[in-house]
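What follows is the content of work.txt, which has compact mmCIF, C-alpha atoms:
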```txt
# COMPACT_ATOMS: atom_id res chain seq x y z
CA MET K 26 0.00 0.00 0.00
CA ASP K 27 1.34 3.40 -1.02
CA HIS K 28 1.32 5.61 2.05
CA ILE K 29 3.24 8.02 4.24
CA GLU K 30 3.47 7.34 7.96
CA GLN K 31 4.39 9.67 10.78
CA THR K 32 4.88 8.94 14.47
CA PHE K 33 5.45 11.53 17.15
CA SER K 34 5.12 11.92 20.89
CA VAL K 35 4.13 14.90 22.99
CA ARG K 36 5.60 15.45 26.43
CA PHE K 37 3.28 16.74 29.14
CA ALA K 38 4.58 18.08 32.44
CA TYR K 39 2.83 19.95 35.23
CA LYS K 40 3.27 20.51 38.95
CA VAL K 41 0.74 20.15 41.74
CA PHE K 42 1.50 22.67 44.48
CA PHE K 43 0.35 22.53 48.11
CA THR K 44 0.03 25.71 50.14
CA ASN K 45 -2.07 27.88 52.44
CA HIS K 46 -3.46 31.34 51.60
CA LEU K 47 -2.51 31.18 47.93
CA PHE K 48 -3.51 34.77 47.19
CA SER K 49 -1.95 36.35 50.27
CA PRO K 50 0.49 39.16 49.36
CA ASP K 51 3.33 37.35 51.11
CA ASN K 52 2.75 34.04 49.28
CA SER K 53 4.89 34.20 46.13
CA LEU K 54 4.03 30.70 44.86
CA PHE K 55 1.72 31.74 42.01
CA HIS K 56 3.91 34.74 41.14
CA ASP K 57 6.99 32.50 40.94
CA PHE K 58 5.22 30.06 38.63
CA LEU K 59 4.22 32.85 36.24
CA LYS K 60 7.70 34.37 36.26
CA GLU K 61 9.08 31.06 34.97
CA THR K 62 6.93 31.44 31.85
CA VAL K 63 7.48 35.12 31.08
CA THR K 64 8.21 35.75 27.40
CA GLY K 65 8.03 38.73 25.12
CA VAL K 66 4.43 37.87 24.28
CA PRO K 67 1.77 39.67 26.39
CA LYS K 68 -0.36 37.24 28.39
CA LYS K 69 -3.74 37.51 30.09
CA LEU K 70 -5.21 35.78 33.13
CA PHE K 71 -8.96 35.09 33.01
CA PHE K 72 -10.54 33.70 36.19
CA VAL K 73 -13.61 31.45 36.37
CA ILE K 74 -14.75 31.07 39.98
CA ASP K 75 -17.26 28.78 41.68
CA ALA K 76 -20.10 30.83 43.21
CA GLY K 77 -20.02 28.60 46.29
CA VAL K 78 -16.41 29.59 46.91
CA ILE K 79 -17.30 33.28 46.61
CA ALA K 80 -20.12 32.79 49.14
CA HIS K 81 -17.67 31.47 51.73
CA HIS K 82 -14.79 33.75 50.75
CA PRO K 83 -16.50 37.03 49.77
CA GLY K 84 -13.23 38.94 49.53
CA LEU K 85 -11.63 36.49 47.11
CA GLN K 86 -12.03 38.52 43.91
CA GLU K 87 -10.46 41.58 45.49
CA GLN K 88 -7.61 39.42 46.84
CA VAL K 89 -6.99 38.09 43.34
CA ARG K 90 -7.03 41.60 41.84
CA ASN K 91 -4.54 42.84 44.42
CA TYR K 92 -2.31 39.77 44.04
CA PHE K 93 -2.01 40.16 40.26
CA ALA K 94 -1.92 43.96 40.21
CA ARG K 95 1.70 44.12 39.13
CA ILE K 96 3.21 41.14 37.38
CA PRO K 97 5.43 41.99 34.40
CA GLY K 98 4.20 40.35 31.21
CA TYR K 99 0.71 39.58 32.53
CA THR K 100 -2.63 41.39 32.50
CA LEU K 101 -5.50 40.30 34.71
CA VAL K 102 -8.97 40.42 33.18
CA GLN K 103 -10.77 42.44 35.83
CA ASN K 104 -14.18 40.93 35.08
CA MET K 105 -14.03 37.47 36.62
CA MET K 106 -16.73 34.99 35.70
CA VAL K 107 -18.64 33.60 38.68
CA ILE K 108 -20.70 30.49 37.90
CA ALA K 109 -22.77 28.08 39.94
CA GLY K 110 -20.87 25.06 41.20
CA GLY K 111 -21.96 21.47 41.70
CA GLU K 112 -22.71 18.76 39.17
CA GLN K 113 -25.80 20.58 37.89
CA VAL K 114 -23.62 23.14 36.10
CA LYS K 115 -22.30 20.32 33.90
CA ASN K 116 -25.76 19.07 32.90
CA THR K 117 -26.30 21.64 30.12
CA GLU K 118 -24.01 23.41 27.67
CA ALA K 119 -25.09 26.89 28.82
CA ALA K 120 -22.17 27.63 31.16
CA PHE K 121 -19.72 26.07 28.70
CA TYR K 122 -20.75 28.50 25.98
CA GLU K 123 -20.72 31.36 28.48
CA ILE K 124 -17.03 30.71 29.14
CA VAL K 125 -16.26 30.32 25.42
CA ARG K 126 -17.96 33.65 24.65
CA ALA K 127 -15.95 35.31 27.42
CA VAL K 128 -12.72 33.87 26.00
CA ASP K 129 -13.63 35.46 22.69
CA ALA K 130 -14.76 38.79 24.17
CA TYR K 131 -11.65 39.27 26.34
CA GLY K 132 -9.18 38.09 23.72
CA ILE K 133 -7.87 35.13 25.71
CA ASP K 134 -5.40 33.56 23.30
CA ARG K 135 -3.17 30.49 23.43
CA HIS K 136 -0.45 32.39 25.27
CA SER K 137 -2.89 33.31 28.03
CA TYR K 138 -4.43 31.36 30.92
CA VAL K 139 -7.90 30.35 32.00
CA VAL K 140 -7.66 29.97 35.78
CA ALA K 141 -10.49 28.05 37.44
CA ILE K 142 -11.14 28.21 41.18
CA GLY K 143 -13.72 25.78 42.53
CA GLY K 144 -14.90 22.25 42.98
CA GLY K 145 -14.51 19.44 40.50
CA ALA K 146 -17.55 20.34 38.40
CA VAL K 147 -16.35 23.90 37.76
CA LEU K 148 -12.83 22.65 37.02
CA ASP K 149 -14.19 20.06 34.58
CA LEU K 150 -16.30 22.67 32.84
CA ALA K 151 -13.66 25.40 32.63
CA GLY K 152 -11.02 22.90 31.54
CA TYR K 153 -13.25 21.68 28.71
CA ALA K 154 -13.94 25.23 27.52
CA ALA K 155 -10.22 26.06 27.65
CA ALA K 156 -9.27 22.88 25.82
CA VAL K 157 -11.52 23.51 22.82
CA SER K 158 -11.23 27.30 22.55
CA HIS K 159 -8.56 28.17 19.98
CA ARG K 160 -7.84 24.40 20.02
CA GLY K 161 -6.29 24.75 23.44
CA ILE K 162 -5.74 27.53 25.93
CA ARG K 163 -3.49 26.96 28.92
CA HIS K 164 -5.49 26.02 31.97
CA ILE K 165 -4.60 26.46 35.65
CA ARG K 166 -6.66 24.75 38.36
CA VAL K 167 -7.21 25.92 41.91
CA PRO K 168 -9.28 23.10 43.47
CA THR K 169 -11.31 24.02 46.54
CA THR K 170 -12.82 20.71 47.70
CA VAL K 171 -11.31 17.52 49.07
CA LEU K 172 -12.49 15.61 45.99
CA SER K 173 -10.92 18.05 43.54
CA GLN K 174 -7.68 18.48 45.49
CA ASN K 175 -6.99 14.78 45.89
CA ASP K 176 -8.46 13.39 42.66
CA SER K 177 -10.29 15.13 39.82
CA GLY K 178 -8.40 18.42 39.99
CA VAL K 179 -4.95 16.85 39.67
CA GLY K 180 -5.81 14.65 36.68
CA VAL K 181 -5.96 15.15 32.92
CA LYS K 182 -9.71 14.99 32.29
CA ASN K 183 -12.19 17.76 31.45
CA GLY K 184 -15.84 17.50 30.47
CA ILE K 185 -19.55 18.03 30.87
CA ASN K 186 -22.54 15.72 31.00
CA PHE K 187 -24.74 15.13 27.96
CA GLN K 188 -28.02 13.27 27.39
CA GLY K 189 -27.99 12.24 31.05
CA LYS K 190 -24.59 10.57 30.67
CA LYS K 191 -21.74 11.67 32.90
CA ASN K 192 -18.79 13.29 31.13
CA PHE K 193 -20.05 12.30 27.66
CA LEU K 194 -18.44 15.42 26.18
CA GLY K 195 -14.88 16.17 27.16
CA THR K 196 -11.16 16.11 26.53
CA PHE K 197 -7.95 14.70 27.88
CA VAL K 198 -5.85 17.83 28.36
CA PRO K 199 -3.59 18.29 31.40
CA PRO K 200 -3.51 21.61 33.24
CA VAL K 201 -0.27 23.57 33.18
CA ALA K 202 -0.35 23.74 36.98
CA VAL K 203 -2.53 22.90 39.97
CA PHE K 204 -2.52 24.95 43.18
CA ASN K 205 -4.03 23.18 46.18
CA ASP K 206 -4.79 25.74 48.90
CA TYR K 207 -5.78 23.92 52.08
CA VAL K 208 -7.51 27.02 53.47
CA PHE K 209 -10.40 26.47 51.06
CA LEU K 210 -11.12 23.16 52.80
CA THR K 211 -11.82 24.87 56.13
CA THR K 212 -15.14 26.30 54.91
CA LEU K 213 -16.53 23.12 53.36
CA SER K 214 -19.80 21.69 54.61
CA LYS K 215 -19.53 18.38 56.44
CA GLU K 216 -20.97 16.66 53.37
CA GLU K 217 -18.34 18.14 51.04
CA TRP K 218 -15.55 17.45 53.54
CA ARG K 219 -16.58 13.81 53.73
CA SER K 220 -17.38 13.31 50.05
CA GLY K 221 -13.83 13.53 48.73
CA MET K 222 -12.46 10.96 51.14
CA SER K 223 -14.04 8.08 49.21
CA GLU K 224 -11.53 8.60 46.40
CA ALA K 225 -8.72 8.18 48.92
CA VAL K 226 -10.27 4.90 50.06
CA LYS K 227 -10.58 3.84 46.43
CA VAL K 228 -6.98 4.50 45.42
CA SER K 229 -5.64 2.93 48.62
CA LEU K 230 -7.64 -0.25 47.99
CA ILE K 231 -6.23 -0.78 44.52
CA LYS K 232 -2.71 0.56 45.01
CA ASP K 233 -1.52 1.04 48.59
CA ARG K 234 -2.46 -1.16 51.55
CA VAL K 235 -0.31 0.92 53.90
CA PHE K 236 -2.33 4.01 53.00
CA PHE K 237 -5.56 2.09 53.61
CA GLU K 238 -4.32 1.08 57.06
CA TRP K 239 -3.53 4.74 57.73
CA LEU K 240 -7.08 5.69 56.68
CA LYS K 241 -8.45 3.02 58.99
CA ALA K 242 -6.36 4.26 61.91
CA ASN K 243 -7.22 7.92 61.29
CA ALA K 244 -10.87 7.60 60.28
CA ALA K 245 -12.13 9.21 63.49
CA LEU K 246 -9.76 12.17 63.13
CA LEU K 247 -10.77 12.65 59.50
CA ALA K 248 -14.47 12.47 60.32
CA ASP K 249 -13.86 15.06 63.04
CA ARG K 250 -12.29 17.47 60.49
CA ASN K 251 -8.73 17.22 61.69
CA MET K 252 -6.83 19.41 59.21
CA GLU K 253 -3.41 17.81 59.68
CA ALA K 254 -4.86 14.40 58.84
CA MET K 255 -6.75 15.80 55.87
CA GLN K 256 -3.64 17.45 54.46
CA TYR K 257 -1.82 14.12 54.55
CA LEU K 258 -4.81 12.39 52.91
CA VAL K 259 -5.00 14.96 50.09
CA LYS K 260 -1.28 14.88 49.32
CA ARG K 261 -0.91 11.09 49.44
CA CYS K 262 -4.04 10.53 47.36
CA ALA K 263 -2.93 13.11 44.79
CA ALA K 264 0.49 11.46 44.56
CA LEU K 265 -1.04 8.04 43.89
CA HIS K 266 -3.27 9.48 41.18
CA LEU K 267 -0.34 11.22 39.51
CA GLN K 268 1.72 8.02 39.64
CA HIS K 269 -1.09 6.23 37.85
CA ILE K 270 -1.36 8.91 35.16
CA ALA K 271 2.33 8.41 34.38
CA GLY K 272 1.87 4.65 34.23
CA GLY K 273 1.18 4.05 30.55
CA ASP K 274 -2.39 4.95 29.56
CA PRO K 275 -3.13 8.48 30.82
CA PHE K 276 -5.66 9.19 28.07
CA GLU K 277 -7.48 5.84 28.46
CA MET K 278 -6.91 4.58 24.94
CA GLY K 279 -7.51 1.01 26.11
CA SER K 280 -10.52 -0.50 27.85
CA SER K 281 -9.11 -0.28 31.36
CA ARG K 282 -9.88 2.36 33.99
CA PRO K 283 -8.38 1.03 37.24
CA LEU K 284 -8.89 4.37 39.01
CA ASP K 285 -12.62 3.95 38.46
CA PHE K 286 -12.94 1.13 40.97
CA GLY K 287 -16.47 1.39 42.36
CA HIS K 288 -17.50 3.90 39.70
CA TRP K 289 -19.66 1.92 37.26
CA SER K 290 -22.59 2.00 39.70
CA ALA K 291 -21.60 5.35 41.23
CA HIS K 292 -21.96 7.25 37.96
CA LYS K 293 -25.37 5.72 37.33
CA VAL K 294 -26.66 6.36 40.84
CA GLU K 295 -25.60 9.99 40.59
CA GLN K 296 -27.64 10.33 37.42
CA LEU K 297 -30.63 8.38 38.78
CA SER K 298 -30.73 10.67 41.82
CA GLY K 299 -30.73 13.78 39.66
CA PHE K 300 -27.24 14.40 41.05
CA THR K 301 -28.59 14.95 44.55
CA ILE K 302 -26.21 12.19 45.62
CA ARG K 303 -22.70 13.64 45.52
CA HIS K 304 -20.05 11.92 43.47
CA GLY K 305 -17.98 10.95 46.51
CA GLU K 306 -21.06 9.60 48.29
CA ALA K 307 -21.94 7.49 45.26
CA VAL K 308 -18.35 6.24 44.99
CA ALA K 309 -18.44 5.08 48.61
CA MET K 310 -21.55 3.02 47.81
CA GLY K 311 -19.91 1.68 44.64
CA ILE K 312 -16.79 0.69 46.58
CA ALA K 313 -18.92 -1.20 49.10
CA LEU K 314 -20.84 -3.00 46.33
CA ASP K 315 -17.76 -4.02 44.37
CA SER K 316 -15.90 -5.05 47.52
CA ALA K 317 -18.85 -7.28 48.40
CA TYR K 318 -18.84 -8.72 44.88
CA SER K 319 -15.08 -9.31 45.15
CA PHE K 320 -15.72 -11.35 48.30
CA LEU K 321 -18.72 -13.27 46.98
CA SER K 322 -16.89 -14.13 43.75
CA GLY K 323 -14.08 -15.72 45.75
CA ARG K 324 -11.43 -13.07 45.21
CA LEU K 325 -11.39 -11.15 48.51
CA GLU K 326 -11.50 -12.41 52.09
CA GLU K 327 -14.80 -11.67 53.84
CA ALA K 328 -12.96 -10.07 56.75
CA ASP K 329 -11.35 -7.60 54.33
CA ALA K 330 -14.70 -6.76 52.73
CA LYS K 331 -16.19 -6.10 56.15
CA THR K 332 -13.21 -3.94 57.11
CA ILE K 333 -13.66 -1.84 53.97
CA VAL K 334 -17.34 -1.25 54.75
CA ALA K 335 -16.47 -0.44 58.38
CA VAL K 336 -13.89 2.18 57.32
CA LEU K 337 -16.39 3.82 54.96
CA LYS K 338 -18.93 3.99 57.77
CA ALA K 339 -16.34 5.34 60.20
CA LEU K 340 -15.64 8.17 57.75
CA GLY K 341 -19.36 8.97 57.82
CA PHE K 342 -20.56 7.42 54.56
CA SER K 343 -23.77 5.59 53.84
CA VAL K 344 -22.78 2.40 52.04
CA THR K 345 -26.05 1.80 50.23
CA HIS K 346 -29.18 3.55 49.01
CA PRO K 347 -32.54 2.42 47.56
CA LEU K 348 -31.21 3.34 44.10
CA MET K 349 -28.30 0.92 44.66
CA ASP K 350 -30.66 -1.95 45.45
CA ILE K 351 -30.33 -4.71 42.84
CA GLN K 352 -33.41 -6.93 42.82
CA ASN K 353 -33.27 -8.34 39.29
CA GLU K 354 -31.79 -7.76 35.84
CA GLU K 355 -34.09 -4.78 35.32
CA SER K 356 -32.78 -2.83 38.31
CA PRO K 357 -31.95 0.67 36.98
CA VAL K 358 -28.43 0.82 38.41
CA LEU K 359 -27.38 -2.12 36.21
CA LYS K 360 -27.66 0.14 33.17
CA GLY K 361 -24.47 1.64 34.49
CA LEU K 362 -22.55 -1.44 33.33
CA HIS K 363 -23.55 -0.85 29.71
CA GLU K 364 -22.83 2.86 29.91
CA PHE K 365 -19.48 2.19 31.56
CA ARG K 366 -18.44 -0.08 28.69
CA GLU K 367 -19.89 2.28 26.10
CA HIS K 368 -17.93 5.23 27.49
CA LEU K 369 -14.63 3.52 26.68
CA GLY K 370 -15.70 1.24 23.86
CA GLY K 371 -14.33 -2.25 23.47
CA GLN K 372 -14.87 -4.89 26.09
CA LEU K 373 -16.26 -4.25 29.54
CA THR K 374 -13.44 -3.90 32.05
CA ILE K 375 -14.20 -3.62 35.76
CA MET K 376 -11.70 -3.35 38.60
CA LEU K 377 -12.29 -5.69 41.56
CA LEU K 378 -10.14 -6.56 44.57
CA GLU K 379 -8.14 -9.68 45.27
CA SER K 380 -6.74 -8.16 48.44
CA ILE K 381 -6.58 -4.77 50.09
CA GLY K 382 -4.05 -2.82 48.05
CA ARG K 383 -4.26 -5.05 45.01
CA GLY K 384 -6.84 -4.82 42.24
CA VAL K 385 -7.67 -7.25 39.49
CA GLU K 386 -9.51 -6.56 36.23
CA VAL K 387 -12.46 -8.67 35.09
CA HIS K 388 -14.53 -8.47 31.92
CA GLU K 389 -17.93 -9.55 33.13
CA LEU K 390 -20.08 -9.34 36.25
CA ASP K 391 -22.72 -11.91 37.17
CA THR K 392 -26.11 -10.29 37.74
CA VAL K 393 -27.22 -12.87 40.31
CA LEU K 394 -24.01 -12.33 42.27
CA LEU K 395 -24.51 -8.58 42.07
CA GLN K 396 -27.94 -9.06 43.65
CA GLU K 397 -26.31 -11.02 46.46
CA ALA K 398 -23.63 -8.34 46.85
CA SER K 399 -26.29 -5.66 47.08
CA GLN K 400 -28.07 -7.56 49.85
CA TRP K 401 -24.78 -8.31 51.63
CA VAL K 402 -23.97 -4.61 51.86
CA LYS K 403 -27.47 -3.87 53.19
CA SER K 404 -26.90 -6.42 55.95
CA CYS K 405 -23.63 -4.86 57.14
```

Write-out of the structure in structure tokens:
Amino acid sequence: MDHIEQTFSVRFAYKVFFTNHLFSPDNSLFHDFLKETVTGVPKKLFFVIDAGVIAHHPGLQEQVRNYFARIPGYTLVQNMMVIAGGEQVKNTEAAFYEIVRAVDAYGIDRHSYVVAIGGGAVLDLAGYAAAVSHRGIRHIRVPTTVLSQNDSGVGVKNGINFQGKKNFLGTFVPPVAVFNDYVFLTTLSKEEWRSGMSEAVKVSLIKDRVFFEWLKANAALLADRNMEAMQYLVKRCAALHLQHIAGGDPFEMGSSRPLDFGHWSAHKVEQLSGFTIRHGEAVAMGIALDSAYSFLSGRLEEADAKTIVAVLKALGFSVTHPLMDIQNEESPVLKGLHEFREHLGGQLTIMLLESIGRGVEVHELDTVLLQEASQWVKSC
């Protein structure tokens, strides 16, 4: 066959920073990052901020304006976009187009930055808009929830929901930097504080037994909002996620998503609840279900499955919900299996456990055994 072939690789690199009071005048972290990228080309900074963050930090916009008042080579767009946070903002394309129109109106080009401050939903949304505007504008994330600081905000995914399907539209585009400011965690509701911890349980179960044992030992402190413990959780969880991203398939070109342990049912339950169940809450239920299935299918010791459920409860999670109840093959949550496979294409690939700290991939789940797993979790 007469043809021309080309092969090339693209190197991605970004840092995840950990700090307190990011926009304080005496914190030079953000300034120092920008100074490293100063060129002769004028650059702009356009901020998209979660309305929930503004509600708890009403002086934030003025702090940002003061912080970026004088940085050679950079101009701050004074009009910052404030948008509603939470999963609902991803359910339509309205906010996405609002950001795209602002990028156009303010002349945000490929040498400039879209900086998003907020929870995972706002970061997903802003990252998607940045990724497709001008075929890619540099994106900086400032996550403000446990879930976004330890998981979604440090990864390479962006997106919005479509036709009731989670993250149906999106991109794989890494940020150029992530700034985790622990101070934002201090104003979270108890539900938001708790929600992000399920991702730490998840990654510990498939990758790091020592970390799981630490979570078990510190569950009471974490549930009681101990900041020192939370800072360790966020940093260790983020490190494990970054290690995975560097491990060979960061853009999920295959059929495997090991970091989505417990997620096939979680995504569906979120959607079935109209997103009134938070992502982290749904993931905790999904972890419990798949841990039970791992036990009932002969892979995981029952004592380990019970320990996993006990740790989730100690952190304050509910481990089941009427929408998670599997009575027969028509149970709505089971549609999540098809959608999970469809999202990647190819064969269904689900992560289960063969021990705490060690996952194993399977390519089918038995519906009858899933029913038993659902009932087992209810009995715990």

**OP:** Give the answer as one residue: which of K:Cys405, K:Leu394, K:Val358, K:Ile312 has the shortest atom-to-atom distance to Lys331 in chain K, using only C-alpha atoms?
**Re:** K:Cys405

**OP:** Name all residues at most 10 Å from Met222 in chain K (count only C-alpha atoms; drop same-chain ones fewer than 4 positions away) and give them as a PyMOL selection string.
**Re:** chain K and resi 171-172+175-176+217-218+226-227+240+244+247-248+255+258-259+262+305-306+308-309+337+340-342

Residues just named, written with C-alpha atoms as a JSON list (two decimals), in the coordinates of the input:
```json
[["chain", "number", "residue", "atom", "x", "y", "z"],
["K", 171, "VAL", "CA", -11.31, 17.52, 49.07],
["K", 172, "LEU", "CA", -12.49, 15.61, 45.99],
["K", 175, "ASN", "CA", -6.99, 14.78, 45.89],
["K", 176, "ASP", "CA", -8.46, 13.39, 42.66],
["K", 217, "GLU", "CA", -18.34, 18.14, 51.04],
["K", 218, "TRP", "CA", -15.55, 17.45, 53.54],
["K", 226, "VAL", "CA", -10.27, 4.90, 50.06],
["K", 227, "LYS", "CA", -10.58, 3.84, 46.43],
["K", 240, "LEU", "CA", -7.08, 5.69, 56.68],
["K", 244, "ALA", "CA", -10.87, 7.60, 60.28],
["K", 247, "LEU", "CA", -10.77, 12.65, 59.50],
["K", 248, "ALA", "CA", -14.47, 12.47, 60.32],
["K", 255, "MET", "CA", -6.75, 15.80, 55.87],
["K", 258, "LEU", "CA", -4.81, 12.39, 52.91],
["K", 259, "VAL", "CA", -5.00, 14.96, 50.09],
["K", 262, "CYS", "CA", -4.04, 10.53, 47.36],
["K", 305, "GLY", "CA", -17.98, 10.95, 46.51],
["K", 306, "GLU", "CA", -21.06, 9.60, 48.29],
["K", 308, "VAL", "CA", -18.35, 6.24, 44.99],
["K", 309, "ALA", "CA", -18.44, 5.08, 48.61],
["K", 337, "LEU", "CA", -16.39, 3.82, 54.96],
["K", 340, "LEU", "CA", -15.64, 8.17, 57.75],
["K", 341, "GLY", "CA", -19.36, 8.97, 57.82],
["K", 342, "PHE", "CA", -20.56, 7.42, 54.56]]
```

Closest pair table for range 129-157 of chain K residues within 6 Å of range 184-206 of chain K, all atoms listed in the file, as CSV:
```
residue,atom,partner,partner_atom,distance
K:Asp149,CA,K:Gly184,CA,5.1
K:Leu150,CA,K:Gly184,CA,5.7
K:Tyr153,CA,K:Gly184,CA,5.2
```

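Closest to Leu297 in chain K among K:Gly323, K:Gly361, K:Pro50, K:Pro275 is K:Gly361, based on all atoms listed in the file.
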
**OP:** Mind listing whatever residues come within 7 Å of the point (-13.4, 27.9, 47.7)? Use only C-alpha atoms, file coordinates, and give them as a count of residues only.
**Re:** 9
